[in-house]
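A.B. asks: Below: one structure in structure tokens.
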Amino acid sequence: MATITIRNLDEKIKRRLQVRAALNGRSMEAEAREVLTGLVQDQPDPGALREDLGTAIHNRFAALGGVDLEIPPRQFAANPTTVIDRNPSQDSQPTEGSSASNKGPEEDFGTAIRKLFAPLGGVELQIPPRRKSHRPIPTFD
């Protein structure tokens, strides 16, 4: 069992707790325990009632019958963007025994992704540079 200490309790509150305990035939400590237990058990668990935003919106408008929205057809971008390779790879030589000995850099995975998304307007990923850690890198000697 846990123990708590309540500091700076108003004298009037303490006196009312003593009177309430006497009327119920308990000690002041037992009465305080009973009051706290009853108060906490009567309230529902706040985490259990929490619902996500989509469910809350659905529940709010469910009585109105909902709405059927027309989903527009997909369209290609009117002004396709040009994808620029900011870090062009240097002519990479395949290692000995690799299966990609005849493939050039234009046939790598990144190029395949660019070709795939070109009709849709292209794709450009904004990947921030990796920050240096303030912790030293451990060495294992």
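A note on labels: chains of the structure tokens are A, B, ... as shown, every chain counts residues from 1, and ligands are counted from 1 in their shown order.
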For Arg20 of chain A, please output as a list of chain:residue names all residues within 12 Å (counting only C-alpha atoms; exclusion window: fewer than 5 positions along the same chain).
C.D. replies: A:Ile13, A:Lys14, A:Arg15, A:Gly25, A:Arg26, A:Ser27, A:Met28, A:Glu29, A:Ala30, A:Glu31, A:Ala32, A:Glu34, A:Val35
A.B. asks: Hey, which of A:Gly121, A:Asn8, A:Val19, A:Asp52 ends up closest to Phe76 of chain A? Count only C-alpha atoms.
C.D. replies: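 Selected residue with least distance to Phe76 of chain A: A:Gly121.
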